[in-house]
Amino acid sequence: MRRLRTIITLSLVWFLIFLGIFLRSYKSDVYPVDNNDDGLFYAWAGLSLYDNPLAPASHSIFDKDNPALIWRSQFMDYQPLDRFGLKLTQPWLDHPPLATLIIALPAKLLGYKTFEMIPQIIVRYPAIIAGIFTLYLTYLLARQLFGPATAVWSLTFLATVPYFVVAHRQSFLENFLTPVFLGSLLAYLNKKFKLAMWLSFLTGWMKIPGFGVPFMFSVKSWRFALVGIASILLYLVYGWLAGGSFFWQTLTNQGVRGAFVNSFFDEMTKPHFYGDFADGWYVLGFALIFWMFSKYKQEKFKVYNWFMASWLLVLFLVSGRFNNSPWYYYPLIPFLAINLGYYATRVLKANHLFLVLPFWLLGLTGFDLIGVDIPPAWLRLVTIVFFAPFVLNFKKISFWFTRLLLLSLILLNIYVTLRYPTVHCQKERCLAPTKIIINND
């Protein structure tokens with residue numbers, strides 16, 4: 001019996017992982033593409049690094065008094081870069097190099113060169129692969145801390161919530177930092193400290209906020225602080241070798257990014273990908289952060305909440321006033337999914353009106369995302385019918401209504417994810433997929 005249960009659980013887990021990858025892959029080169037997409041720039045940087053590790057080249061937002069600027073567009077910017085303008089620099093030292101090498105690998109294998117227009121599906125392919133690791137590692141983390149039921153629900157939400165799916169399509173550096181961080185955390189929890197140190201050492205080489213990861217572990221062991229210091233020093237040496245004094249100028253430019261009191265508020269209440277993406281699941285996942293914090297006395301929550309709180313503080317300091325770079329918060333997505341998963345297990349266990357209500361209030365926003373207007377009379381009627389058994393204390397009916405609601409919301413999320421690119425492109429200009437050309441030279 002136990003063996004059969006294990007087989008069923010493993011089958012369900014891998015079904016959810018493959019479902020999550022399918023949803024992330026579906027029309028991944030169509031949406032999101034709006035204003036600009038840094039994935040192409042990172043692919044250029046990685047390609048140039050393969051040619052010369054000390055002479056990376058790509059687009060930089062820092063063009064004022066930039067001695068490394070080699071070309072600037074004046075008219076008819078490349079798609080998908082409308083309204084943005086290209087400022088090409090060499091050396092390009094805006095970010096650490098490691099993740100750009102991963103992003104550029106498929107393009108390199110297919111023969112693309114630096115500054116060529118690379119099809120979006122090739123640029124985003126590494127992010128989709130990274131998503132496999134993020135899905136699986138999130139499941140393992142939730143299982144170790146909160147048990148198998150929470151783990152399966154967490155994986156379900158991570159695989160299907162529209163905002164999470166769309167975020168993981170993008171080849172942003174955070175989507176490569178996230179699985180490395182999760183791996184280091186799992187290694188730490190399983191007392192594989194050497195592996196945890198090595199992985200935490202690499203997080204900063206994915207993106208600069210990742211340099212804070214070793215110090216998150218240092219509250220338990222001072223050796224992690226040494227790992228963090230060594231990682232930072234080695235990056236400084238690399239930057240000096242690649243750019244000399246220009247590297248310090250770039251760090252100074254990065255340092256002018258402000259910290260503002262409304263950064264977290266904007267991120268929590270205004271989910272977007274350069275355009276609004278009003279997904280209530282995302283808001284609920286954020287709101288549940290404070291519910292999880294309230295359980296600080298339990299040991300498993302102490303560990304979980306420490307790392308979630310540490311990321312919140314790091315991101316609060318670097319996200320900017322209007323948080324117009326939502327990808328900074330992508331490392332929090334596994335935590336948001338686990339928050340939802342843990343809450344779902346409590347809802348199913350308690351079967352109480354107060355706990356079910358947030359799913360009803362925030363889980364139906366997918367209809368608006370795909371432009372489905374439910375007539376007010378129907379919405380009121382369905383709401384009354386659904387909650388009547390809870391109010392009247394009909395336990396068996398409310399028991400099944402709760403499960404029916406969660407199943408229906410998951411199916412709605414899947415449909416919304418599949419339908420949204422078509423709906424979006426009917427209202428906004430979207431790019432036609434670019435043909436993949438293999439260069440054999």
# chains A, B, ... in the order shown; residues from 1 in each chain; ligands from 1

call {"tool": "residues_around", "arguments": {"residues": "range 53-55 of chain A", "least_positions_apart": "3", "cutoff": "6 Å", "atoms": "only C-alpha atoms", "output": "ChimeraX atom specification"}}
result
/A:49,91,242

call {"tool": "select_by_dssp", "arguments": {"residues": "range 211-380 of chain A", "states": "alpha helix (DSSP H)", "output": "PyMOL selection string"}}
result
chain A and resi 213-217+222-243+245-255+263-269+280-293+299-318+333-350+353-363+366-369+376-380

call {"tool": "write_last_selection", "arguments": {"atoms": "C-alpha atoms", "output": "CSV table (one decimal), in the first residue's frame"}}
result
chain,number,residue,atom,x,y,z
A,213,VAL,CA,22.4,34.8,0.1
A,214,PRO,CA,25.5,33.5,1.9
A,215,PHE,CA,24.9,36.1,4.6
A,216,MET,CA,21.4,34.8,5.1
A,217,PHE,CA,23.0,31.5,6.1
A,222,TRP,CA,30.2,32.3,10.2
A,223,ARG,CA,31.7,30.3,7.4
A,224,PHE,CA,28.9,31.3,5.1
A,225,ALA,CA,29.9,35.0,5.8
A,226,LEU,CA,33.4,34.1,4.6
A,227,VAL,CA,31.9,32.5,1.5
A,228,GLY,CA,29.9,35.7,0.8
A,229,ILE,CA,33.0,37.9,1.2
A,230,ALA,CA,35.1,35.6,-1.0
A,231,SER,CA,32.3,35.7,-3.7
A,232,ILE,CA,32.1,39.5,-3.6
A,233,LEU,CA,35.9,39.9,-3.7
A,234,LEU,CA,36.3,37.6,-6.7
A,235,TYR,CA,33.6,39.4,-8.5
A,236,LEU,CA,35.4,42.7,-7.9
A,237,VAL,CA,38.6,41.2,-9.2
A,238,TYR,CA,36.8,40.0,-12.3
A,239,GLY,CA,35.2,43.5,-12.8
A,240,TRP,CA,38.5,45.2,-12.5
A,241,LEU,CA,40.2,42.9,-15.0
A,242,ALA,CA,37.4,43.4,-17.5
A,243,GLY,CA,36.8,47.1,-17.1
A,245,SER,CA,38.0,52.0,-13.4
A,246,PHE,CA,34.9,51.8,-15.7
A,247,PHE,CA,33.7,48.9,-13.5
A,248,TRP,CA,33.7,51.1,-10.5
A,249,GLN,CA,31.7,53.7,-12.5
A,250,THR,CA,29.1,51.1,-13.3
A,251,LEU,CA,28.8,50.0,-9.7
A,252,THR,CA,28.3,53.6,-8.8
A,253,ASN,CA,25.6,54.0,-11.4
A,254,GLN,CA,23.9,50.9,-10.1
A,255,GLY,CA,24.1,52.4,-6.6
A,263,SER,CA,8.3,49.9,-3.0
A,264,PHE,CA,6.7,46.9,-1.3
A,265,PHE,CA,3.2,48.3,-1.4
A,266,ASP,CA,3.4,48.8,-5.2
A,267,GLU,CA,4.8,45.4,-5.8
A,268,MET,CA,2.2,43.6,-3.7
A,269,THR,CA,-0.8,45.5,-5.1
A,280,GLY,CA,-5.4,37.8,-7.6
A,281,TRP,CA,-3.4,34.7,-6.7
A,282,TYR,CA,-0.3,36.8,-6.8
A,283,VAL,CA,-1.8,39.3,-4.3
A,284,LEU,CA,-3.1,36.4,-2.1
A,285,GLY,CA,0.4,34.8,-2.0
A,286,PHE,CA,1.9,38.1,-0.9
A,287,ALA,CA,-0.9,38.7,1.7
A,288,LEU,CA,-0.2,35.2,3.2
A,289,ILE,CA,3.4,36.3,3.9
A,290,PHE,CA,2.1,38.0,7.0
A,291,TRP,CA,0.0,35.0,8.0
A,292,MET,CA,3.1,32.8,7.8
A,293,PHE,CA,5.1,35.3,9.8
A,299,GLU,CA,10.9,25.8,14.3
A,300,LYS,CA,10.0,24.9,10.7
A,301,PHE,CA,8.5,28.4,10.3
A,302,LYS,CA,11.5,30.1,11.8
A,303,VAL,CA,13.7,28.8,9.0
A,304,TYR,CA,11.2,29.4,6.3
A,305,ASN,CA,10.3,32.9,7.5
A,306,TRP,CA,13.9,33.9,8.0
A,307,PHE,CA,14.7,33.4,4.3
A,308,MET,CA,11.5,34.8,3.1
A,309,ALA,CA,12.0,37.9,5.3
A,310,SER,CA,15.6,38.3,4.2
A,311,TRP,CA,14.6,38.3,0.5
A,312,LEU,CA,11.8,40.9,1.3
A,313,LEU,CA,14.4,43.2,3.0
A,314,VAL,CA,16.9,42.8,0.2
A,315,LEU,CA,14.3,43.5,-2.5
A,316,PHE,CA,12.7,46.4,-0.6
A,317,LEU,CA,16.1,48.1,-0.7
A,318,VAL,CA,16.7,47.7,-4.5
A,333,ILE,CA,7.7,33.3,-6.3
A,334,PRO,CA,8.5,29.9,-4.7
A,335,PHE,CA,7.7,31.3,-1.3
A,336,LEU,CA,4.4,32.7,-2.6
A,337,ALA,CA,3.5,29.3,-4.0
A,338,ILE,CA,4.3,27.6,-0.7
A,339,ASN,CA,2.3,30.2,1.1
A,340,LEU,CA,-0.7,29.3,-1.1
A,341,GLY,CA,0.0,25.6,-0.7
A,342,TYR,CA,0.1,25.7,3.1
A,343,TYR,CA,-3.0,27.8,3.2
A,344,ALA,CA,-4.9,25.4,0.9
A,345,THR,CA,-4.1,22.5,3.2
A,346,ARG,CA,-5.5,24.4,6.2
A,347,VAL,CA,-8.6,25.4,4.2
A,348,LEU,CA,-9.3,21.8,3.2
A,349,LYS,CA,-8.8,20.6,6.8
A,350,ALA,CA,-10.9,23.3,8.5
A,353,LEU,CA,-16.2,30.0,5.6
A,354,PHE,CA,-13.6,32.5,6.8
A,355,LEU,CA,-10.7,30.5,5.3
A,356,VAL,CA,-12.5,29.7,2.0
A,357,LEU,CA,-13.5,33.3,1.4
A,358,PRO,CA,-10.1,34.6,0.2
A,359,PHE,CA,-10.0,32.0,-2.5
A,360,TRP,CA,-13.4,33.2,-3.8
A,361,LEU,CA,-12.5,36.9,-3.5
A,362,LEU,CA,-9.1,36.7,-5.2
A,363,GLY,CA,-9.1,33.4,-7.2
A,366,GLY,CA,-8.6,35.1,-14.2
A,367,PHE,CA,-12.0,35.9,-15.8
A,368,ASP,CA,-11.0,39.5,-16.1
A,369,LEU,CA,-7.6,38.7,-17.5
A,376,PRO,CA,-23.6,40.7,-12.0
A,377,ALA,CA,-26.9,38.9,-11.3
A,378,TRP,CA,-25.2,35.6,-12.1
A,379,LEU,CA,-22.2,36.4,-9.9
A,380,ARG,CA,-24.4,37.4,-7.0

call {"tool": "closest_residue", "arguments": {"among": "A:Ala104, A:Leu109, A:Ala68, A:Val416", "to": "Val123 in chain A", "atoms": "only C-alpha atoms"}}
result
A:Ala104

call {"tool": "residues_around", "arguments": {"residues": "Tyr136 in chain A", "least_positions_apart": "5", "cutoff": "12 Å", "atoms": "only C-alpha atoms", "output": "MDAnalysis selection string"}}
result
chainID A and resid 10 13:18 20:21 129:131 141:143 151:152 154:156 158:159 178:179 182:183 186 334

call {"tool": "write_last_selection", "arguments": {"atoms": "C-alpha atoms", "output": "PDB file, in the first residue's frame"}}
result
ATOM      1  CA  LEU A  10       5.600  10.613  -7.786  1.00  0.00           C
ATOM      2  CA  VAL A  13       4.431  15.377  -8.927  1.00  0.00           C
ATOM      3  CA  TRP A  14       5.942  14.795 -12.358  1.00  0.00           C
ATOM      4  CA  PHE A  15       2.597  15.355 -14.047  1.00  0.00           C
ATOM      5  CA  LEU A  16       2.410  18.753 -12.354  1.00  0.00           C
ATOM      6  CA  ILE A  17       6.008  19.560 -13.303  1.00  0.00           C
ATOM      7  CA  PHE A  18       5.369  18.686 -16.954  1.00  0.00           C
ATOM      8  CA  GLY A  20       4.003  23.646 -15.493  1.00  0.00           C
ATOM      9  CA  ILE A  21       6.641  23.380 -18.221  1.00  0.00           C
ATOM     10  CA  ILE A 129      14.563  24.636 -18.429  1.00  0.00           C
ATOM     11  CA  ALA A 130      15.435  26.540 -15.240  1.00  0.00           C
ATOM     12  CA  GLY A 131      11.721  26.383 -14.446  1.00  0.00           C
ATOM     13  CA  LEU A 141      11.425  22.471   0.088  1.00  0.00           C
ATOM     14  CA  ALA A 142       7.706  22.484   0.888  1.00  0.00           C
ATOM     15  CA  ARG A 143       7.739  18.741   1.538  1.00  0.00           C
ATOM     16  CA  ALA A 151       4.219  20.207  -1.176  1.00  0.00           C
ATOM     17  CA  VAL A 152       1.747  18.946  -3.784  1.00  0.00           C
ATOM     18  CA  SER A 154       2.502  24.322  -3.578  1.00  0.00           C
ATOM     19  CA  LEU A 155       3.663  22.648  -6.774  1.00  0.00           C
ATOM     20  CA  THR A 156       0.131  22.852  -8.180  1.00  0.00           C
ATOM     21  CA  LEU A 158       3.510  27.197  -8.894  1.00  0.00           C
ATOM     22  CA  ALA A 159       2.715  25.205 -12.036  1.00  0.00           C
ATOM     23  CA  THR A 178      16.150  31.237  -7.914  1.00  0.00           C
ATOM     24  CA  PRO A 179      16.883  27.504  -8.439  1.00  0.00           C
ATOM     25  CA  LEU A 182      16.607  26.904  -3.553  1.00  0.00           C
ATOM     26  CA  GLY A 183      19.312  24.289  -4.041  1.00  0.00           C
ATOM     27  CA  LEU A 186      17.775  22.492   0.580  1.00  0.00           C
ATOM     28  CA  PRO A 334       8.478  29.862  -4.729  1.00  0.00           C
TER      29      PRO A 334
END

call {"tool": "atom_distance", "arguments": {"atom1": "CA of Ile70 in chain A", "atom2": "CA of Asp94 in chain A"}}
result
15.0 Å

call {"tool": "residues_around", "arguments": {"residues": "Thr402 in chain A", "least_positions_apart": "2", "cutoff": "8 Å", "atoms": "only C-alpha atoms", "output": "VMD selection string"}}
result
chain A and resid 348 351 356 398 to 400 404 to 406

call {"tool": "closest_residue", "arguments": {"among": "A:Gly111, A:Leu86, A:Ile397, A:Ser11", "to": "Asp37 in chain A", "atoms": "only C-alpha atoms"}}
result
A:Leu86

call {"tool": "closest_residue", "arguments": {"among": "A:Ala107, A:Ile7, A:Met206, A:Val30", "to": "Leu418 in chain A", "atoms": "only C-alpha atoms"}}
result
A:Val30

call {"tool": "closest_residue", "arguments": {"among": "A:Gly39, A:Pro421, A:Pro389, A:Gly212", "to": "Pro126 in chain A", "atoms": "only C-alpha atoms"}}
result
A:Gly39

call {"tool": "closest_residue", "arguments": {"among": "A:Ala127, A:Val382, A:Ala388, A:Val261", "to": "Asp29 in chain A", "atoms": "only C-alpha atoms"}}
result
A:Ala127

call {"tool": "closest_residue", "arguments": {"among": "A:Ser60, A:Gln120, A:Ser218, A:Thr365", "to": "Ala278 in chain A", "atoms": "only C-alpha atoms"}}
result
A:Thr365

call {"tool": "atom_distance", "arguments": {"atom1": "CA of Arg72 in chain A", "atom2": "CA of Thr114 in chain A"}}
result
15.5 Å
